[in-house]
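Worksheet for the structure shown next.
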Amino acid sequence: MTSFWSAWIIVITLGVIAGCWWVLFANRVASPKSGDVKTMGHSFDGIEEYDNPMPRWWFIMFIATIIFSLVYLALYPGLGTFKGFLGWTQVNQWEAEVKYADENYAPIFEQYASIPVADLAMDEEAMKVGQRLYANNCALCHGSDGRGAYGFPNLTDTDWLYGGTPEAIKHTIVNGRNGQMPAWGQVLGDEGVTQMAQYVLSLSGQETDSAAAQAGSATYTAMCVACHGADGKGNQMLGAPNLTDNTWLYLNPEWGVAKSVEQSIRLGRNGHMPAQAKYIGEDKVHLVAAYVYSLSQGK
């Protein structure tokens, strides 16, 4: 912040406080003597408005508020670049709270980290903590119930892009994932995209145009087998989805399955999950992994 804007904020802030002080005293009315009550000249339904003074307790409350604001602005930052006599900053406050939390709760997370993920998922008390960590760090994408959303995997079923074992889940959370499917629209053309989609749908046993699906079969073999496999069951090493289970990560309810699959083939997909270890630490990741594993086990 430049010195000009700092001075601007200081002048306005202190000016407003001074103005409030002036208005308070300039309009102060002494308590009238008995029988010497003035009115404001307003009348409604025979009711007149008296020019009575502000109640003393109310007046004192305003004075106390002004004094409090001046003391607060002297101790804490609020006047431009003036940092306050206490030297308080939100960064220092955050660091102090994090340090306090680490000192008090780190031993608990270390204890949980020594328990295998599958066993930890059976601990109800640990899962209460894991649920809170999940809610703070994962629910925005995967939902508070873990059922995911458009482009975000459902964590409560048995369909896993990178594997659903405790070890695979933890590896995913620690290191993150980057999934990519190239766009085939310009290569295949609209007709080729439709044929490919029909063949993909046939892999999951859905009703399709048999002629189009047959035409898309050869293209699938040439362009998709490397990732999704000849049988369409995918490859968890690559994060390539299983196309035979009728579970669709990018299903748009308004379009339906066929158009959604066509859109994925035409434009490709890019999925990114950030690595969480650097944000919450590996001990907490261990607990989150156990919670996610418990969701997939229906617990």
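Labels for the structure tokens follow display order: chains A, B, ..., residues from 1 in each chain, ligands from 1.
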Inset, instruction - May I have the residues within 7 Å of A:Tyr76 as a ChimeraX atom specification, using only C-alpha atoms and disregarding those fewer than 2 positions away in the same chain? - result: /A:72-74,78,83-86,88
Got time to write the residues from that selection, C-alpha atoms, as a tab-separated table (two decimals), in the first residue's frame?
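Saved as out_34.tsv:
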chain	number	residue	atom	x	y	z
A	72	TYR	CA	-8.47	-1.13	19.07
A	73	LEU	CA	-6.97	0.88	16.19
A	74	ALA	CA	-3.96	1.70	18.36
A	78	GLY	CA	-6.56	-0.86	10.85
A	83	LYS	CA	0.71	-2.23	12.23
A	84	GLY	CA	-0.53	-1.51	15.71
A	85	PHE	CA	1.47	-1.52	18.93
A	86	LEU	CA	0.88	-5.26	19.49
A	88	TRP	CA	-0.53	-8.62	15.44
Backbone DSSP call of helix (DSSP H, G or I) for stretch 7-144 of chain A, listed as an mmCIF file with N, CA and C atoms, in the first residue's frame:
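Saved to out-v1.cif:
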data_model
loop_
_atom_site.group_PDB
_atom_site.id
_atom_site.type_symbol
_atom_site.label_atom_id
_atom_site.label_comp_id
_atom_site.auth_asym_id
_atom_site.auth_seq_id
_atom_site.Cartn_x
_atom_site.Cartn_y
_atom_site.Cartn_z
ATOM 1 N N ALA A 7 -2.433 7.167 4.105
ATOM 2 C CA ALA A 7 -2.891 8.413 4.730
ATOM 3 C C ALA A 7 -4.379 8.630 4.481
ATOM 4 N N TRP A 8 -4.819 8.263 3.278
ATOM 5 C CA TRP A 8 -6.239 8.402 2.917
ATOM 6 C C TRP A 8 -7.122 7.584 3.871
ATOM 7 N N ILE A 9 -6.735 6.354 4.124
ATOM 8 C CA ILE A 9 -7.511 5.487 5.016
ATOM 9 C C ILE A 9 -7.480 6.020 6.440
ATOM 10 N N ILE A 10 -6.308 6.483 6.892
ATOM 11 C CA ILE A 10 -6.189 7.001 8.254
ATOM 12 C C ILE A 10 -7.085 8.219 8.448
ATOM 13 N N VAL A 11 -7.039 9.153 7.493
ATOM 14 C CA VAL A 11 -7.834 10.376 7.590
ATOM 15 C C VAL A 11 -9.324 10.058 7.611
ATOM 16 N N ILE A 12 -9.756 9.183 6.702
ATOM 17 C CA ILE A 12 -11.184 8.847 6.637
ATOM 18 C C ILE A 12 -11.633 8.141 7.918
ATOM 19 N N THR A 13 -10.853 7.164 8.379
ATOM 20 C CA THR A 13 -11.241 6.396 9.563
ATOM 21 C C THR A 13 -11.332 7.286 10.796
ATOM 22 N N LEU A 14 -10.270 8.047 11.059
ATOM 23 C CA LEU A 14 -10.281 8.924 12.227
ATOM 24 C C LEU A 14 -11.289 10.062 12.060
ATOM 25 N N GLY A 15 -11.491 10.509 10.808
ATOM 26 C CA GLY A 15 -12.477 11.553 10.556
ATOM 27 C C GLY A 15 -13.884 11.094 10.882
ATOM 28 N N VAL A 16 -14.205 9.861 10.536
ATOM 29 C CA VAL A 16 -15.534 9.307 10.831
ATOM 30 C C VAL A 16 -15.733 9.198 12.340
ATOM 31 N N ILE A 17 -14.694 8.742 13.048
ATOM 32 C CA ILE A 17 -14.796 8.618 14.507
ATOM 33 C C ILE A 17 -14.976 9.995 15.144
ATOM 34 N N ALA A 18 -14.184 10.975 14.656
ATOM 35 C CA ALA A 18 -14.314 12.334 15.179
ATOM 36 C C ALA A 18 -15.697 12.904 14.868
ATOM 37 N N GLY A 19 -16.205 12.600 13.687
ATOM 38 C CA GLY A 19 -17.532 13.066 13.320
ATOM 39 C C GLY A 19 -18.606 12.485 14.222
ATOM 40 N N CYS A 20 -18.472 11.198 14.541
ATOM 41 C CA CYS A 20 -19.436 10.570 15.449
ATOM 42 C C CYS A 20 -19.397 11.233 16.825
ATOM 43 N N TRP A 21 -18.191 11.557 17.282
ATOM 44 C CA TRP A 21 -18.028 12.218 18.578
ATOM 45 C C TRP A 21 -18.708 13.592 18.552
ATOM 46 N N TRP A 22 -18.486 14.345 17.465
ATOM 47 C CA TRP A 22 -19.082 15.679 17.353
ATOM 48 C C TRP A 22 -20.604 15.611 17.317
ATOM 49 N N VAL A 23 -21.151 14.699 16.491
ATOM 50 C CA VAL A 23 -22.605 14.561 16.392
ATOM 51 C C VAL A 23 -23.199 14.201 17.736
ATOM 52 N N LEU A 24 -22.510 13.347 18.476
ATOM 53 C CA LEU A 24 -23.013 12.885 19.764
ATOM 54 C C LEU A 24 -23.150 14.043 20.749
ATOM 55 N N PHE A 25 -22.114 14.910 20.813
ATOM 56 C CA PHE A 25 -22.127 16.012 21.772
ATOM 57 C C PHE A 25 -22.881 17.233 21.245
ATOM 58 N N ALA A 26 -22.824 17.474 19.928
ATOM 59 C CA ALA A 26 -23.501 18.643 19.371
ATOM 60 C C ALA A 26 -25.010 18.539 19.494
ATOM 61 N N ARG A 56 -29.223 8.343 29.496
ATOM 62 C CA ARG A 56 -27.829 8.474 29.902
ATOM 63 C C ARG A 56 -27.033 7.204 29.609
ATOM 64 N N TRP A 57 -27.631 6.030 29.883
ATOM 65 C CA TRP A 57 -26.919 4.771 29.654
ATOM 66 C C TRP A 57 -26.598 4.581 28.180
ATOM 67 N N TRP A 58 -27.485 5.078 27.315
ATOM 68 C CA TRP A 58 -27.273 4.973 25.878
ATOM 69 C C TRP A 58 -26.132 5.892 25.437
ATOM 70 N N PHE A 59 -26.140 7.113 25.994
ATOM 71 C CA PHE A 59 -25.090 8.078 25.698
ATOM 72 C C PHE A 59 -23.721 7.531 26.117
ATOM 73 N N ILE A 60 -23.655 6.942 27.318
ATOM 74 C CA ILE A 60 -22.402 6.371 27.824
ATOM 75 C C ILE A 60 -21.949 5.210 26.944
ATOM 76 N N MET A 61 -22.896 4.436 26.456
ATOM 77 C CA MET A 61 -22.562 3.307 25.588
ATOM 78 C C MET A 61 -21.897 3.787 24.300
ATOM 79 N N PHE A 62 -22.397 4.896 23.713
ATOM 80 C CA PHE A 62 -21.781 5.447 22.513
ATOM 81 C C PHE A 62 -20.363 5.943 22.800
ATOM 82 N N ILE A 63 -20.201 6.605 23.934
ATOM 83 C CA ILE A 63 -18.874 7.093 24.314
ATOM 84 C C ILE A 63 -17.898 5.920 24.466
ATOM 85 N N ALA A 64 -18.354 4.856 25.128
ATOM 86 C CA ALA A 64 -17.504 3.678 25.336
ATOM 87 C C ALA A 64 -17.137 3.026 24.009
ATOM 88 N N THR A 65 -18.079 3.031 23.068
ATOM 89 C CA THR A 65 -17.811 2.441 21.756
ATOM 90 C C THR A 65 -16.733 3.226 21.009
ATOM 91 N N ILE A 66 -16.792 4.527 21.073
ATOM 92 C CA ILE A 66 -15.788 5.363 20.403
ATOM 93 C C ILE A 66 -14.413 5.160 21.033
ATOM 94 N N ILE A 67 -14.376 5.130 22.373
ATOM 95 C CA ILE A 67 -13.101 4.919 23.057
ATOM 96 C C ILE A 67 -12.533 3.540 22.713
ATOM 97 N N PHE A 68 -13.402 2.532 22.678
ATOM 98 C CA PHE A 68 -12.959 1.176 22.325
ATOM 99 C C PHE A 68 -12.369 1.144 20.918
ATOM 100 N N SER A 69 -13.003 1.840 19.973
ATOM 101 C CA SER A 69 -12.515 1.832 18.594
ATOM 102 C C SER A 69 -11.131 2.460 18.504
ATOM 103 N N LEU A 70 -10.899 3.528 19.272
ATOM 104 C CA LEU A 70 -9.580 4.177 19.255
ATOM 105 C C LEU A 70 -8.510 3.278 19.858
ATOM 106 N N VAL A 71 -8.856 2.600 20.950
ATOM 107 C CA VAL A 71 -7.907 1.675 21.577
ATOM 108 C C VAL A 71 -7.604 0.508 20.638
ATOM 109 N N TYR A 72 -8.634 -0.004 20.002
ATOM 110 C CA TYR A 72 -8.469 -1.126 19.073
ATOM 111 C C TYR A 72 -7.553 -0.742 17.913
ATOM 112 N N LEU A 73 -7.773 0.434 17.325
ATOM 113 C CA LEU A 73 -6.971 0.880 16.191
ATOM 114 C C LEU A 73 -5.536 1.187 16.601
ATOM 115 N N ALA A 74 -5.318 1.474 17.880
ATOM 116 C CA ALA A 74 -3.956 1.701 18.360
ATOM 117 C C ALA A 74 -3.209 0.379 18.556
ATOM 118 N N LEU A 75 -3.944 -0.673 18.947
ATOM 119 C CA LEU A 75 -3.303 -1.956 19.244
ATOM 120 C C LEU A 75 -3.192 -2.863 18.024
ATOM 121 N N GLN A 90 -2.534 -11.517 10.793
ATOM 122 C CA GLN A 90 -3.306 -12.737 10.620
ATOM 123 C C GLN A 90 -2.395 -13.924 10.316
ATOM 124 N N VAL A 91 -1.249 -13.652 9.681
ATOM 125 C CA VAL A 91 -0.299 -14.727 9.400
ATOM 126 C C VAL A 91 0.282 -15.272 10.694
ATOM 127 N N ASN A 92 0.701 -14.363 11.591
ATOM 128 C CA ASN A 92 1.234 -14.805 12.875
ATOM 129 C C ASN A 92 0.189 -15.570 13.677
ATOM 130 N N GLN A 93 -1.061 -15.099 13.613
ATOM 131 C CA GLN A 93 -2.134 -15.773 14.331
ATOM 132 C C GLN A 93 -2.348 -17.182 13.785
ATOM 133 N N TRP A 94 -2.346 -17.284 12.459
ATOM 134 C CA TRP A 94 -2.531 -18.599 11.828
ATOM 135 C C TRP A 94 -1.384 -19.539 12.186
ATOM 136 N N GLU A 95 -0.164 -19.035 12.110
ATOM 137 C CA GLU A 95 0.998 -19.869 12.431
ATOM 138 C C GLU A 95 0.965 -20.327 13.881
ATOM 139 N N ALA A 96 0.531 -19.459 14.762
ATOM 140 C CA ALA A 96 0.443 -19.831 16.179
ATOM 141 C C ALA A 96 -0.600 -20.916 16.394
ATOM 142 N N GLU A 97 -1.721 -20.814 15.704
ATOM 143 C CA GLU A 97 -2.775 -21.817 15.847
ATOM 144 C C GLU A 97 -2.347 -23.154 15.256
ATOM 145 N N VAL A 98 -1.649 -23.099 14.119
ATOM 146 C CA VAL A 98 -1.152 -24.333 13.516
ATOM 147 C C VAL A 98 -0.124 -24.998 14.436
ATOM 148 N N LYS A 99 0.760 -24.193 15.012
ATOM 149 C CA LYS A 99 1.767 -24.726 15.927
ATOM 150 C C LYS A 99 1.110 -25.368 17.139
ATOM 151 N N TYR A 100 0.094 -24.699 17.660
ATOM 152 C CA TYR A 100 -0.626 -25.247 18.819
ATOM 153 C C TYR A 100 -1.297 -26.576 18.459
ATOM 154 N N ALA A 101 -1.939 -26.604 17.277
ATOM 155 C CA ALA A 101 -2.621 -27.825 16.841
ATOM 156 C C ALA A 101 -1.619 -28.959 16.628
ATOM 157 N N ASP A 102 -0.467 -28.645 16.026
ATOM 158 C CA ASP A 102 0.543 -29.677 15.795
ATOM 159 C C ASP A 102 1.079 -30.249 17.111
ATOM 160 N N GLU A 103 1.307 -29.377 18.057
ATOM 161 C CA GLU A 103 1.851 -29.827 19.340
ATOM 162 C C GLU A 103 0.860 -30.694 20.107
ATOM 163 N N ASN A 104 -0.421 -30.388 19.962
ATOM 164 C CA ASN A 104 -1.429 -31.100 20.751
ATOM 165 C C ASN A 104 -2.031 -32.313 20.042
ATOM 166 N N TYR A 105 -2.088 -32.251 18.709
ATOM 167 C CA TYR A 105 -2.773 -33.326 17.996
ATOM 168 C C TYR A 105 -1.842 -34.217 17.174
ATOM 169 N N ALA A 106 -0.621 -33.763 16.926
ATOM 170 C CA ALA A 106 0.314 -34.572 16.140
ATOM 171 C C ALA A 106 0.515 -35.969 16.732
ATOM 172 N N PRO A 107 0.660 -36.116 18.060
ATOM 173 C CA PRO A 107 0.825 -37.460 18.624
ATOM 174 C C PRO A 107 -0.348 -38.389 18.327
ATOM 175 N N ILE A 108 -1.550 -37.813 18.262
ATOM 176 C CA ILE A 108 -2.734 -38.632 17.963
ATOM 177 C C ILE A 108 -2.666 -39.147 16.529
ATOM 178 N N PHE A 109 -2.326 -38.246 15.593
ATOM 179 C CA PHE A 109 -2.230 -38.650 14.191
ATOM 180 C C PHE A 109 -1.072 -39.625 13.972
ATOM 181 N N GLU A 110 0.005 -39.468 14.717
ATOM 182 C CA GLU A 110 1.130 -40.401 14.618
ATOM 183 C C GLU A 110 0.710 -41.793 15.083
ATOM 184 N N GLN A 111 -0.093 -41.826 16.115
ATOM 185 C CA GLN A 111 -0.577 -43.114 16.615
ATOM 186 C C GLN A 111 -1.466 -43.793 15.579
ATOM 187 N N TYR A 112 -2.358 -43.013 14.957
ATOM 188 C CA TYR A 112 -3.227 -43.581 13.921
ATOM 189 C C TYR A 112 -2.408 -44.045 12.711
ATOM 190 N N ALA A 113 -1.338 -43.300 12.395
ATOM 191 C CA ALA A 113 -0.531 -43.620 11.219
ATOM 192 C C ALA A 113 0.196 -44.949 11.362
ATOM 193 N N VAL A 117 -4.174 -49.238 7.188
ATOM 194 C CA VAL A 117 -5.372 -48.558 6.714
ATOM 195 C C VAL A 117 -6.628 -49.412 6.896
ATOM 196 N N ALA A 118 -6.565 -50.670 6.514
ATOM 197 C CA ALA A 118 -7.743 -51.538 6.605
ATOM 198 C C ALA A 118 -8.198 -51.715 8.049
ATOM 199 N N ASP A 119 -7.255 -51.823 8.979
ATOM 200 C CA ASP A 119 -7.602 -51.963 10.399
ATOM 201 C C ASP A 119 -8.124 -50.648 10.964
ATOM 202 N N LEU A 120 -7.518 -49.561 10.536
ATOM 203 C CA LEU A 120 -7.931 -48.244 11.025
ATOM 204 C C LEU A 120 -9.361 -47.928 10.584
ATOM 205 N N GLU A 124 -14.108 -46.848 15.008
ATOM 206 C CA GLU A 124 -15.162 -45.844 14.893
ATOM 207 C C GLU A 124 -14.683 -44.454 15.318
ATOM 208 N N GLU A 125 -13.916 -44.370 16.389
ATOM 209 C CA GLU A 125 -13.433 -43.074 16.856
ATOM 210 C C GLU A 125 -12.477 -42.456 15.835
ATOM 211 N N ALA A 126 -11.619 -43.281 15.277
ATOM 212 C CA ALA A 126 -10.681 -42.782 14.264
ATOM 213 C C ALA A 126 -11.437 -42.302 13.037
ATOM 214 N N MET A 127 -12.497 -43.004 12.667
ATOM 215 C CA MET A 127 -13.256 -42.617 11.486
ATOM 216 C C MET A 127 -14.042 -41.320 11.683
ATOM 217 N N LYS A 128 -14.351 -40.975 12.936
ATOM 218 C CA LYS A 128 -14.973 -39.679 13.195
ATOM 219 C C LYS A 128 -13.994 -38.552 12.875
ATOM 220 N N VAL A 129 -12.739 -38.772 13.241
ATOM 221 C CA VAL A 129 -11.699 -37.790 12.926
ATOM 222 C C VAL A 129 -11.460 -37.770 11.418
ATOM 223 N N GLY A 130 -11.398 -38.959 10.811
ATOM 224 C CA GLY A 130 -11.186 -39.059 9.372
ATOM 225 C C GLY A 130 -12.291 -38.384 8.590
ATOM 226 N N GLN A 131 -13.522 -38.503 9.081
ATOM 227 C CA GLN A 131 -14.650 -37.875 8.391
ATOM 228 C C GLN A 131 -14.509 -36.357 8.382
ATOM 229 N N ARG A 132 -14.016 -35.791 9.481
ATOM 230 C CA ARG A 132 -13.840 -34.339 9.543
ATOM 231 C C ARG A 132 -12.725 -33.886 8.600
ATOM 232 N N LEU A 133 -11.649 -34.664 8.555
ATOM 233 C CA LEU A 133 -10.569 -34.336 7.626
ATOM 234 C C LEU A 133 -11.061 -34.429 6.188
ATOM 235 N N TYR A 134 -11.839 -35.452 5.909
ATOM 236 C CA TYR A 134 -12.415 -35.613 4.571
ATOM 237 C C TYR A 134 -13.319 -34.433 4.235
ATOM 238 N N ALA A 135 -14.171 -34.033 5.185
ATOM 239 C CA ALA A 135 -15.105 -32.935 4.938
ATOM 240 C C ALA A 135 -14.364 -31.640 4.632
ATOM 241 N N ASN A 136 -13.235 -31.421 5.296
ATOM 242 C CA ASN A 136 -12.487 -30.175 5.108
ATOM 243 C C ASN A 136 -11.667 -30.162 3.828
ATOM 244 N N ASN A 137 -11.256 -31.343 3.368
ATOM 245 C CA ASN A 137 -10.292 -31.384 2.271
ATOM 246 C C ASN A 137 -10.776 -32.080 1.001
ATOM 247 N N ALA A 139 -14.523 -33.104 0.452
ATOM 248 C CA ALA A 139 -15.961 -33.074 0.178
ATOM 249 C C ALA A 139 -16.331 -32.114 -0.937
ATOM 250 N N LEU A 140 -15.545 -31.054 -1.133
ATOM 251 C CA LEU A 140 -15.873 -30.077 -2.168
ATOM 252 C C LEU A 140 -15.977 -30.735 -3.541
ATOM 253 N N CYS A 141 -15.122 -31.712 -3.815
ATOM 254 C CA CYS A 141 -15.135 -32.398 -5.114
ATOM 255 C C CYS A 141 -15.940 -33.695 -5.074
ATOM 256 N N HIS A 142 -15.702 -34.501 -4.053
ATOM 257 C CA HIS A 142 -16.305 -35.836 -4.011
ATOM 258 C C HIS A 142 -17.647 -35.880 -3.280
#
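Checking A:Asp231, A:Ala289, A:Thr219, A:Glu254 one by one against A:Gln276, counting only C-alpha atoms, you find the shortest gap at A:Ala289.
If you measure from each of A:Ser144, A:Asn175, A:Thr39, A:Thr81 to A:Glu282 using only C-alpha atoms, the closest one turns out to be A:Asn175.
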Inset, instruction - Write out as a list of chain:residue names each polymer residue whose atoms come within 7 Å of stretch 149-161 of chain A, counting only C-alpha atoms; drop sequence neighbours fewer than 2 positions from it. - result: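 Listed by chain and then number, they are A:Cys141, A:His142, A:Gly146, A:Arg147, A:Gly163, A:Gly164, A:Gln236, A:Gly239, A:Ala240, A:Pro241, A:Leu249, A:Tyr250, A:Leu251, A:Val292, A:Leu295, A:Ser296, A:Gly298.
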Legend entry - Gap from atom CA of A:Tyr293 to atom CA of A:Cys227 - Å, one decimal: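 For atom CA of A:Tyr293 relative to atom CA of A:Cys227, the distance reads 25.6 Å.
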Inset, instruction - For A:Val261, work out the shell of residues within 12 Å, counting only C-alpha atoms and skipping chain neighbours fewer than 4 positions away, then give it as a PyMOL selection string. - result: chain A and resi 184+193-202+243+246-253+255-257+265-269
Legend entry - Surrounding residues of A:Gly176 excluding itself and chain neighbours under 5 positions, 6 Å, only C-alpha atoms, as a list in words: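 Selected residues are Met273, Pro274 and Ala275 of chain A.
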Inset, instruction - Using atom CA of A:Tyr291 and atom CA of A:Gln180 as the two end points, give the distance in Å to one decimal. - result: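 That distance, rounded to one decimal, is 26.8 Å.
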